[in-house]
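As stored in data-v1.tsv (TSV, C-alpha atoms):
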chain	number	residue	atom	x	y	z
A	440	MET	CA	-0.21	37.49	-1.25
A	441	ARG	CA	-1.75	34.33	-2.62
A	442	TYR	CA	-3.59	34.78	-5.91
A	443	PRO	CA	-6.78	32.82	-6.72
A	444	SER	CA	-6.23	29.58	-8.58
A	445	GLY	CA	-7.31	29.05	-12.18
A	446	TYR	CA	-10.27	27.02	-10.94
A	447	VAL	CA	-11.49	29.88	-8.72
A	448	VAL	CA	-11.00	32.51	-11.46
A	449	ARG	CA	-12.88	30.45	-14.06
A	450	ARG	CA	-15.78	29.68	-11.74
A	451	THR	CA	-15.96	33.31	-10.61
A	452	ALA	CA	-16.02	34.59	-14.19
A	453	ILE	CA	-18.72	32.14	-15.30
A	454	THR	CA	-20.91	32.75	-12.26
A	455	THR	CA	-20.56	36.52	-12.36
A	456	LEU	CA	-21.31	36.72	-16.09
A	457	ALA	CA	-24.35	34.47	-15.68
A	458	ALA	CA	-25.63	36.52	-12.73
A	459	ALA	CA	-24.99	39.80	-14.57
A	460	CYS	CA	-26.83	38.62	-17.70
A	461	LEU	CA	-29.76	37.47	-15.59
A	462	THR	CA	-30.09	40.64	-13.50
A	463	ILE	CA	-29.62	42.95	-16.49
A	464	SER	CA	-32.23	41.02	-18.47
A	465	ILE	CA	-34.73	41.12	-15.63
A	466	SER	CA	-34.12	44.83	-15.00
A	467	THR	CA	-34.39	45.72	-18.68
A	468	GLY	CA	-37.52	43.64	-19.11
A	469	ALA	CA	-39.17	45.15	-16.05
A	470	ARG	CA	-38.46	48.69	-17.19
A	471	TRP	CA	-39.76	47.89	-20.66
A	472	LEU	CA	-42.99	46.45	-19.26
A	473	VAL	CA	-43.72	49.51	-17.14
A	474	GLY	CA	-42.51	51.89	-19.86
A	475	ALA	CA	-39.84	53.53	-17.68
A	476	GLU	CA	-37.05	55.45	-19.32
A	477	ALA	CA	-33.45	54.57	-18.35
A	478	ASP	CA	-30.96	57.40	-17.91
A	479	ALA	CA	-27.17	57.08	-18.18
A	480	ILE	CA	-26.65	56.64	-14.44
A	481	THR	CA	-29.27	53.88	-14.24
A	482	ILE	CA	-27.72	52.06	-17.18
A	483	ALA	CA	-24.22	52.36	-15.67
A	484	VAL	CA	-25.39	51.06	-12.30
A	485	ARG	CA	-27.29	48.22	-13.97
A	486	LEU	CA	-24.13	47.15	-15.84
A	487	ILE	CA	-21.54	47.70	-13.11
A	488	LEU	CA	-23.38	46.61	-9.96
A	489	PRO	CA	-23.67	42.87	-10.79
A	490	PHE	CA	-19.91	42.69	-11.37
A	491	ALA	CA	-19.03	44.84	-8.34
A	492	VAL	CA	-21.09	42.58	-6.09
A	493	GLY	CA	-20.74	39.25	-7.90
A	494	ILE	CA	-16.96	39.13	-8.32
A	495	PRO	CA	-15.89	39.44	-4.64
A	496	ILE	CA	-18.72	37.20	-3.41
A	497	SER	CA	-17.94	34.54	-6.03
A	498	LEU	CA	-14.22	34.73	-5.26
A	499	LEU	CA	-14.94	34.23	-1.58
A	500	ILE	CA	-17.35	31.33	-2.13
A	501	PHE	CA	-15.23	29.44	-4.66
A	502	THR	CA	-11.99	29.99	-2.72
A	503	ARG	CA	-13.64	28.51	0.35
A	504	PHE	CA	-15.09	25.67	-1.72
A	505	GLU	CA	-11.63	24.91	-3.13
A	506	GLN	CA	-10.14	24.90	0.37
A	507	LEU	CA	-12.80	22.46	1.56
A	508	ASN	CA	-12.14	20.20	-1.43
A	509	ARG	CA	-8.41	20.28	-0.78
A	510	SER	CA	-8.92	19.49	2.90
A	511	TYR	CA	-11.22	16.61	1.99
A	512	ARG	CA	-8.70	15.14	-0.48
A	513	GLU	CA	-5.93	15.43	2.09
A	514	MET	CA	-8.13	13.69	4.65
A	515	LEU	CA	-8.82	10.84	2.20
A	516	GLN	CA	-5.09	10.50	1.47
A	517	LYS	CA	-4.28	10.39	5.18
A	518	ASN	CA	-6.99	7.81	5.81
A	519	ALA	CA	-5.71	5.70	2.92
A	520	GLU	CA	-2.17	5.92	4.30
A	521	LEU	CA	-3.35	4.99	7.80
A	522	SER	CA	-5.27	2.03	6.37
A	523	ARG	CA	-2.22	0.95	4.40
A	524	ARG	CA	-0.03	1.16	7.49
A	525	ALA	CA	-2.58	-0.80	9.51
A	526	MET	CA	-2.54	-3.56	6.89
A	527	THR	CA	1.18	-3.81	6.22
A	528	ASP	CA	4.42	-4.64	7.96
A	529	PRO	CA	6.32	-1.36	8.47
A	530	LEU	CA	9.74	-2.75	7.48
A	531	THR	CA	8.93	-4.78	4.37
A	532	GLY	CA	5.63	-3.34	3.14
A	533	LEU	CA	4.18	-6.86	3.00
A	534	LEU	CA	0.83	-7.67	4.57
A	535	ASN	CA	0.92	-7.98	8.34
A	536	ARG	CA	-0.39	-11.04	10.16
A	537	ARG	CA	-3.89	-9.70	10.79
A	538	SER	CA	-4.45	-8.56	7.21
A	539	PHE	CA	-3.13	-11.81	5.81
A	540	ILE	CA	-5.44	-13.85	8.03
A	541	GLU	CA	-8.46	-11.79	6.95
A	542	GLN	CA	-7.69	-12.13	3.25
A	543	PHE	CA	-6.67	-15.79	3.46
A	544	GLU	CA	-9.79	-16.82	5.36
A	545	LEU	CA	-11.96	-14.80	2.97
A	546	ALA	CA	-10.42	-16.73	0.06
A	547	GLN	CA	-11.07	-20.00	1.86
A	548	SER	CA	-14.67	-19.06	2.65
A	549	ILE	CA	-15.47	-18.63	-1.05
A	550	GLY	CA	-13.65	-21.80	-2.08
A	551	VAL	CA	-10.45	-20.42	-3.59
A	552	GLY	CA	-7.95	-23.27	-3.81
A	553	GLY	CA	-4.27	-22.85	-3.34
A	554	THR	CA	-1.10	-23.65	-1.45
A	555	PHE	CA	-0.05	-22.28	1.94
A	556	ILE	CA	3.66	-21.53	2.19
A	557	LEU	CA	5.66	-20.88	5.33
A	558	ALA	CA	9.21	-19.50	5.11
A	559	ASP	CA	11.77	-18.78	7.78
A	560	ILE	CA	15.06	-16.86	7.39
A	561	ASP	CA	17.91	-19.14	8.41
A	562	TYR	CA	20.09	-17.99	11.33
A	563	LEU	CA	18.66	-14.47	11.58
A	564	LYS	CA	19.43	-14.21	15.31
A	565	GLN	CA	23.05	-15.18	14.68
A	566	ILE	CA	23.25	-12.60	11.88
A	567	ASN	CA	21.95	-9.93	14.27
A	568	ASP	CA	24.43	-10.98	16.98
A	569	ARG	CA	27.41	-11.11	14.64
A	570	TYR	CA	26.78	-8.25	12.20
A	571	GLY	CA	24.21	-6.05	13.95
A	572	HIS	CA	20.51	-5.46	13.57
A	573	SER	CA	20.89	-3.19	10.54
A	574	VAL	CA	22.31	-6.16	8.62
A	575	GLY	CA	19.53	-8.29	10.11
A	576	ASP	CA	17.01	-5.82	8.69
A	577	GLU	CA	18.68	-6.16	5.30
A	578	ALA	CA	18.20	-9.92	5.58
A	579	VAL	CA	14.49	-9.44	6.28
A	580	LEU	CA	14.12	-6.99	3.36
A	581	THR	CA	16.04	-9.36	1.13
A	582	ALA	CA	13.76	-12.27	2.01
A	583	SER	CA	10.62	-10.23	1.37
A	584	THR	CA	11.96	-9.03	-1.98
A	585	ALA	CA	12.84	-12.59	-3.03
A	586	LEU	CA	9.39	-13.88	-2.12
A	587	MET	CA	7.66	-11.07	-4.02
A	588	ARG	CA	9.79	-11.59	-7.13
A	589	VAL	CA	9.36	-15.35	-7.24
A	590	LEU	CA	5.74	-15.71	-6.10
A	591	GLY	CA	4.47	-12.80	-8.17
A	592	ASP	CA	1.71	-10.24	-7.79
A	593	ASP	CA	-1.09	-12.81	-7.54
A	594	ALA	CA	0.21	-14.24	-4.25
A	595	LEU	CA	-0.78	-13.09	-0.78
A	596	ILE	CA	2.49	-12.61	1.11
A	597	ALA	CA	2.90	-11.54	4.73
A	598	ARG	CA	5.56	-11.11	7.36
A	599	ILE	CA	4.05	-12.78	10.42
A	600	GLY	CA	7.05	-12.72	12.76
A	601	GLY	CA	10.59	-11.42	13.07
A	602	ASP	CA	12.07	-13.93	10.64
A	603	GLU	CA	8.92	-15.67	9.46
A	604	PHE	CA	6.82	-15.19	6.34
A	605	CYS	CA	3.79	-16.91	4.91
A	606	ALA	CA	2.09	-16.85	1.54
A	607	PHE	CA	-0.96	-18.15	-0.25
A	608	VAL	CA	-0.56	-18.96	-3.95
A	609	ALA	CA	-2.35	-20.88	-6.67
A	610	ARG	CA	-1.99	-24.66	-6.61
A	611	ILE	CA	1.51	-25.93	-7.31
A	612	ASP	CA	2.73	-29.51	-7.42
A	613	GLY	CA	5.79	-30.87	-5.62
A	614	LYS	CA	8.12	-30.48	-8.60
A	615	ASN	CA	7.15	-26.86	-9.14
A	616	PHE	CA	7.50	-26.18	-5.43
A	617	ASP	CA	11.07	-27.52	-5.43
A	618	THR	CA	11.83	-25.13	-8.30
A	619	LEU	CA	10.15	-22.27	-6.45
A	620	ARG	CA	12.11	-23.01	-3.27
A	621	ARG	CA	15.39	-23.03	-5.22
A	622	ARG	CA	14.57	-19.76	-6.98
A	623	VAL	CA	13.64	-18.04	-3.70
A	624	ASN	CA	16.94	-19.07	-2.13
A	625	GLU	CA	18.96	-18.01	-5.18
A	626	GLU	CA	17.26	-14.59	-5.13
A	627	THR	CA	17.75	-14.34	-1.37
A	628	MET	CA	21.47	-15.13	-1.51
A	629	GLN	CA	22.23	-12.80	-4.44
A	630	GLU	CA	20.14	-9.90	-3.16
A	631	PHE	CA	21.55	-10.12	0.37
A	632	ARG	CA	25.12	-10.04	-0.90
A	633	LYS	CA	24.31	-6.85	-2.81
A	634	ARG	CA	22.51	-5.20	0.11
A	635	SER	CA	24.83	-6.22	2.93
A	636	GLY	CA	28.21	-6.24	1.20
A	637	LEU	CA	28.85	-9.70	2.68
A	638	GLY	CA	29.96	-11.27	-0.55
A	639	ASP	CA	30.69	-14.68	0.93
A	640	TYR	CA	27.52	-15.10	3.00
A	641	ALA	CA	24.90	-17.44	1.52
A	642	LEU	CA	21.70	-16.23	3.17
A	643	SER	CA	18.95	-18.82	2.81
A	644	MET	CA	15.38	-19.56	3.84
A	645	THR	CA	13.76	-22.74	5.03
A	646	ILE	CA	10.47	-23.12	3.19
A	647	SER	CA	7.60	-25.58	3.56
A	648	GLN	CA	4.19	-25.86	1.96
A	649	GLN	CA	0.82	-27.52	2.44
A	650	ARG	CA	-2.12	-27.81	0.09
A	651	CYS	CA	-5.10	-25.89	1.44
A	652	ARG	CA	-8.03	-28.14	2.19
A	653	SER	CA	-11.65	-27.12	2.46
A	654	GLY	CA	-12.57	-25.71	5.85
A	655	MET	CA	-8.96	-25.16	7.00
A	656	SER	CA	-8.41	-21.93	8.94
A	657	PHE	CA	-5.21	-19.91	9.02
A	658	LYS	CA	-4.37	-21.44	12.39
A	659	ASP	CA	-4.92	-24.95	11.05
A	660	MET	CA	-2.66	-24.31	8.05
A	661	LEU	CA	-0.01	-22.62	10.18
A	662	VAL	CA	0.21	-25.54	12.62
A	663	SER	CA	0.30	-28.13	9.84
A	664	THR	CA	2.91	-26.31	7.75
A	665	ASP	CA	4.97	-25.38	10.80
A	666	LYS	CA	5.56	-29.06	11.58
A	667	ASP	CA	7.22	-29.58	8.20
A	668	LEU	CA	9.18	-26.35	8.54
A	669	TYR	CA	10.76	-27.34	11.83
A	670	ARG	CA	11.45	-30.84	10.57
A	671	PHE	CA	13.53	-29.22	7.83
A	672	LYS	CA	15.18	-26.83	10.30
A	673	ARG	CA	16.21	-29.63	12.64
A	674	ASN	CA	18.32	-31.08	9.85
A	675	ARG	CA	20.38	-27.87	9.46
A	676	PRO	CA	23.79	-27.27	11.04
A	677	VAL	CA	23.67	-25.44	14.38
A	678	HIS	CA	25.58	-22.50	12.89
A	679	ALA	CA	25.51	-20.93	9.46
A	680	PRO	CA	28.76	-21.71	7.58
A	681	ALA	CA	29.95	-18.11	7.68
A	682	LEU	CA	29.21	-17.91	11.42
A	683	ASP	CA	30.56	-21.29	12.46
A	684	PRO	CA	32.90	-20.57	15.40
A	685	ALA	CA	35.08	-23.48	14.34
A	686	ALA	CA	35.53	-22.01	10.86
What does this structure look like when you write it as structure tokens?
Amino acid sequence: MRYPSGYVVRRTAITTLAAACLTISISTGARWLVGAEADAITIAVRLILPFAVGIPISLLIFTRFEQLNRSYREMLQKNAELSRRAMTDPLTGLLNRRSFIEQFELAQSIGVGGTFILADIDYLKQINDRYGHSVGDEAVLTASTALMRVLGDDALIARIGGDEFCAFVARIDGKNFDTLRRRVNEETMQEFRKRSGLGDYALSMTISQQRCRSGMSFKDMLVSTDKDLYRFKRNRPVHAPALDPAA
């Protein structure tokens, strides 16, 4: 048997007492006005009846009201969770492509300046082929963690592809970007070694950036930044050092 909650008991007590005081006052006043005498049975009924009727009715009403409130809160929580899932990448918890585009283009429409960053995990396909997709997932999680730690809470960060991330941050000059790139790769390497147990594997990311210019859409920035990214990637070895078949 489920007992009424404290909320239901308190509301029932307050409502019943208020109703009892009101009905007893009205009854007493009416009898006084007409000059009617009250016998013991009448007095007992006048005192007991409001509680006998009010308590079960109030319990029923407030229990139902509490159930409706609970159901409404659960519905809000589920809707919030569904909205969160619709906005985020399921593996990393970062923004997904659609949500990033919406927030980035909103920032651009109101004139927020900043830098667009594109980052790509190096050799992810080879990691998946050599070590398995679970280790590949660790590489993706590692990269997202490194980006969040280095870029901070003020940055918009998204996973927009299997091994590709983008971000929008406050303006940074070339020197600061070189420092940022180095810090991201240091975090990526150290975190991946902890997560994967591959103590000799230097996981890295190729990262490029472009200053956002007025009127540039997400697609414009992606195309422009992507050119630099692949220019950097073309200069890499074909295989990661730890995966080099000749090693």
Gly493 (chain A): which residues within 9 Å, counting all atoms listed in the file, same-chain residues fewer than 6 positions away excluded, as a list in words?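 After dropping sequence-adjacent residues, the list is Thr451, Thr454, Thr455, Leu456, Ala458 and Ala459 of chain A.
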With all atoms listed in the file as the counted atoms, please give the residues lying no more than 9 Å from Asp667 (chain A), apart from itself and same-chain residues fewer than 4 positions off, as a list in words. Ile646, Ser647, Gln648, Gln649, Ser663, Phe671 and Lys672 of chain A
At what distance in Å, to one decimal, does CA of Ala558 (chain A) lie from CA of Asp602 (chain A)?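 Atom-to-atom, CA of Asp602 (chain A) to CA of Ala558 (chain A), that is 8.4 Å.
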Nearest residue to Gly654 (chain A) from the set A:Asn508, A:Thr584, A:Ser548, A:Ser497 (distances using only C-alpha atoms):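 Looking only at the distances to Gly654 (chain A), the closest residue turns out to be A:Ser548.
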Nearest to Gly636 (chain A), chosen from A:Val574, A:Ile540, A:Met526, A:Leu545, with all atoms listed in the file counted in the distances: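 Under the stated criterion, the closest residue is A:Val574.
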Would you kindly identify which residues have an atom no farther than 10 Å from (-10.8, 30.2, -5.2), using all atoms listed in the file and the file's own coordinates, and write them out as an NGL selection string? :A and (442-451 or 497-506)
Go ahead and find all residues with at least one atom no further than 10 Å from (3.3, -29.9, 7.3) in the file's coordinates, using all atoms listed in the file; report them as a VMD selection string. chain A and resid 555 to 557 647 to 650 660 to 670
Which of these, A:Ser510, A:Ser635, A:Ser653, A:Ser643, has the shortest distance to Arg621 (chain A) once you count all atoms listed in the file? A:Ser643
For each of A:Asp659, A:Gly601, A:Ala578, A:Arg673, take the minimum atom-to-atom distance to Glu626 (chain A), counting all atoms listed in the file, then give the residue where this is smallest.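 Residue with the minimum atom-to-atom distance to Glu626 (chain A): A:Ala578.
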Could you check which of A:Tyr640, A:Lys564, A:Ile596, A:Thr645 is closest to Asp617 (chain A), using all atoms listed in the file?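 Among A:Tyr640, A:Lys564, A:Ile596, A:Thr645, it is A:Thr645 that comes nearest to Asp617 (chain A).
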Point out the residue among A:Ile487, A:Ala452, A:Val589, A:Ala609 with the least atom-to-atom distance to Gly553 (chain A), counting only C-alpha atoms. A:Ala609
Would you mind reading off the distance between CA of Gln565 (chain A) and CA of Gln629 (chain A), one decimal, in Å?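 Computed distance, CA of Gln565 (chain A) to CA of Gln629 (chain A), equals 19.3 Å.
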Distance in Å - CA of Leu534 (chain A) versus CA of Met587 (chain A):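 Straight-line distance from CA of Leu534 (chain A) to CA of Met587 (chain A) works out to 11.5 Å.
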Working from the structure I just supplied, which lacks atoms in region 622-633 of chain A, can you model all heavy atoms there and output them as a CSV table (one decimal), in the frame of the given file?
chain,number,residue,atom,x,y,z
A,622,ARG,N,14.5,-21.1,-6.4
A,622,ARG,CA,14.6,-19.8,-7.0
A,622,ARG,C,14.5,-18.7,-5.9
A,622,ARG,O,15.2,-17.7,-5.9
A,622,ARG,CB,13.4,-19.5,-7.9
A,622,ARG,CG,13.5,-20.2,-9.3
A,622,ARG,CD,12.3,-20.0,-10.1
A,622,ARG,NE,12.1,-18.5,-10.3
A,622,ARG,CZ,11.0,-18.0,-10.6
A,622,ARG,NH1,9.9,-18.7,-10.7
A,622,ARG,NH2,10.9,-16.7,-10.8
A,623,VAL,N,13.7,-19.0,-4.8
A,623,VAL,CA,13.6,-18.0,-3.7
A,623,VAL,C,15.0,-17.9,-3.0
A,623,VAL,O,15.5,-16.9,-2.7
A,623,VAL,CB,12.6,-18.5,-2.7
A,623,VAL,CG1,12.7,-17.7,-1.4
A,623,VAL,CG2,11.2,-18.3,-3.3
A,624,ASN,N,15.6,-19.1,-2.8
A,624,ASN,CA,16.9,-19.1,-2.1
A,624,ASN,C,18.0,-18.5,-3.0
A,624,ASN,O,18.9,-17.8,-2.5
A,624,ASN,CB,17.3,-20.5,-1.7
A,624,ASN,CG,16.7,-20.8,-0.3
A,624,ASN,OD1,16.9,-20.1,0.6
A,624,ASN,ND2,15.9,-21.9,-0.3
A,625,GLU,N,18.0,-18.7,-4.3
A,625,GLU,CA,19.0,-18.0,-5.2
A,625,GLU,C,18.8,-16.5,-5.1
A,625,GLU,O,19.8,-15.8,-5.0
A,625,GLU,CB,18.8,-18.5,-6.6
A,625,GLU,CG,19.3,-19.9,-6.8
A,625,GLU,CD,18.9,-20.5,-8.2
A,625,GLU,OE1,18.2,-19.8,-8.9
A,625,GLU,OE2,19.4,-21.6,-8.6
A,626,GLU,N,17.5,-16.0,-5.2
A,626,GLU,CA,17.3,-14.6,-5.1
A,626,GLU,C,17.7,-14.0,-3.8
A,626,GLU,O,18.3,-13.0,-3.7
A,626,GLU,CB,15.8,-14.3,-5.3
A,626,GLU,CG,15.3,-14.5,-6.8
A,626,GLU,CD,15.5,-13.2,-7.6
A,626,GLU,OE1,15.9,-12.2,-7.0
A,626,GLU,OE2,15.3,-13.3,-8.8
A,627,THR,N,17.4,-14.8,-2.7
A,627,THR,CA,17.8,-14.3,-1.4
A,627,THR,C,19.3,-14.2,-1.2
A,627,THR,O,19.7,-13.2,-0.7
A,627,THR,CB,17.2,-15.4,-0.3
A,627,THR,OG1,15.8,-15.4,-0.4
A,627,THR,CG2,17.6,-14.9,1.1
A,628,MET,N,20.0,-15.2,-1.6
A,628,MET,CA,21.5,-15.1,-1.5
A,628,MET,C,22.1,-14.0,-2.3
A,628,MET,O,22.9,-13.2,-1.8
A,628,MET,CB,22.1,-16.4,-2.0
A,628,MET,CG,23.6,-16.5,-1.9
A,628,MET,SD,24.3,-18.0,-2.5
A,628,MET,CE,23.9,-17.9,-4.3
A,629,GLN,N,21.7,-13.8,-3.6
A,629,GLN,CA,22.2,-12.8,-4.4
A,629,GLN,C,21.9,-11.4,-4.0
A,629,GLN,O,22.7,-10.5,-3.9
A,629,GLN,CB,21.8,-13.0,-5.9
A,629,GLN,CG,22.3,-14.3,-6.5
A,629,GLN,CD,21.7,-14.6,-7.8
A,629,GLN,OE1,20.9,-13.8,-8.4
A,629,GLN,NE2,22.0,-15.8,-8.4
A,630,GLU,N,20.6,-11.2,-3.6
A,630,GLU,CA,20.1,-9.9,-3.2
A,630,GLU,C,20.8,-9.5,-1.8
A,630,GLU,O,21.2,-8.3,-1.6
A,630,GLU,CB,18.6,-9.9,-3.0
A,630,GLU,CG,18.0,-8.6,-2.7
A,630,GLU,CD,18.1,-7.5,-3.8
A,630,GLU,OE1,18.3,-8.0,-5.0
A,630,GLU,OE2,17.9,-6.3,-3.5
A,631,PHE,N,20.9,-10.4,-0.9
A,631,PHE,CA,21.6,-10.1,0.4
A,631,PHE,C,23.0,-9.7,0.2
A,631,PHE,O,23.5,-8.8,0.9
A,631,PHE,CB,21.4,-11.3,1.3
A,631,PHE,CG,22.0,-11.0,2.7
A,631,PHE,CD1,21.4,-10.1,3.5
A,631,PHE,CD2,23.1,-11.7,3.2
A,631,PHE,CE1,21.9,-9.8,4.8
A,631,PHE,CE2,23.6,-11.4,4.4
A,631,PHE,CZ,23.0,-10.5,5.2
A,632,ARG,N,23.7,-10.4,-0.7
A,632,ARG,CA,25.1,-10.0,-0.9
A,632,ARG,C,25.2,-8.6,-1.4
A,632,ARG,O,26.2,-7.9,-1.1
A,632,ARG,CB,25.8,-11.0,-1.9
A,632,ARG,CG,26.0,-12.4,-1.2
A,632,ARG,CD,26.6,-13.4,-2.2
A,632,ARG,NE,27.0,-14.6,-1.4
A,632,ARG,CZ,27.4,-15.7,-2.0
A,632,ARG,NH1,27.5,-15.8,-3.4
A,632,ARG,NH2,27.8,-16.8,-1.3
A,633,LYS,N,24.3,-8.2,-2.3
A,633,LYS,CA,24.3,-6.8,-2.8
A,633,LYS,C,24.0,-5.8,-1.7
A,633,LYS,O,24.7,-4.8,-1.6
A,633,LYS,CB,23.3,-6.7,-3.9
A,633,LYS,CG,23.6,-7.4,-5.2
A,633,LYS,CD,22.4,-7.2,-6.2
A,633,LYS,CE,22.6,-8.0,-7.4
A,633,LYS,NZ,21.5,-7.9,-8.4
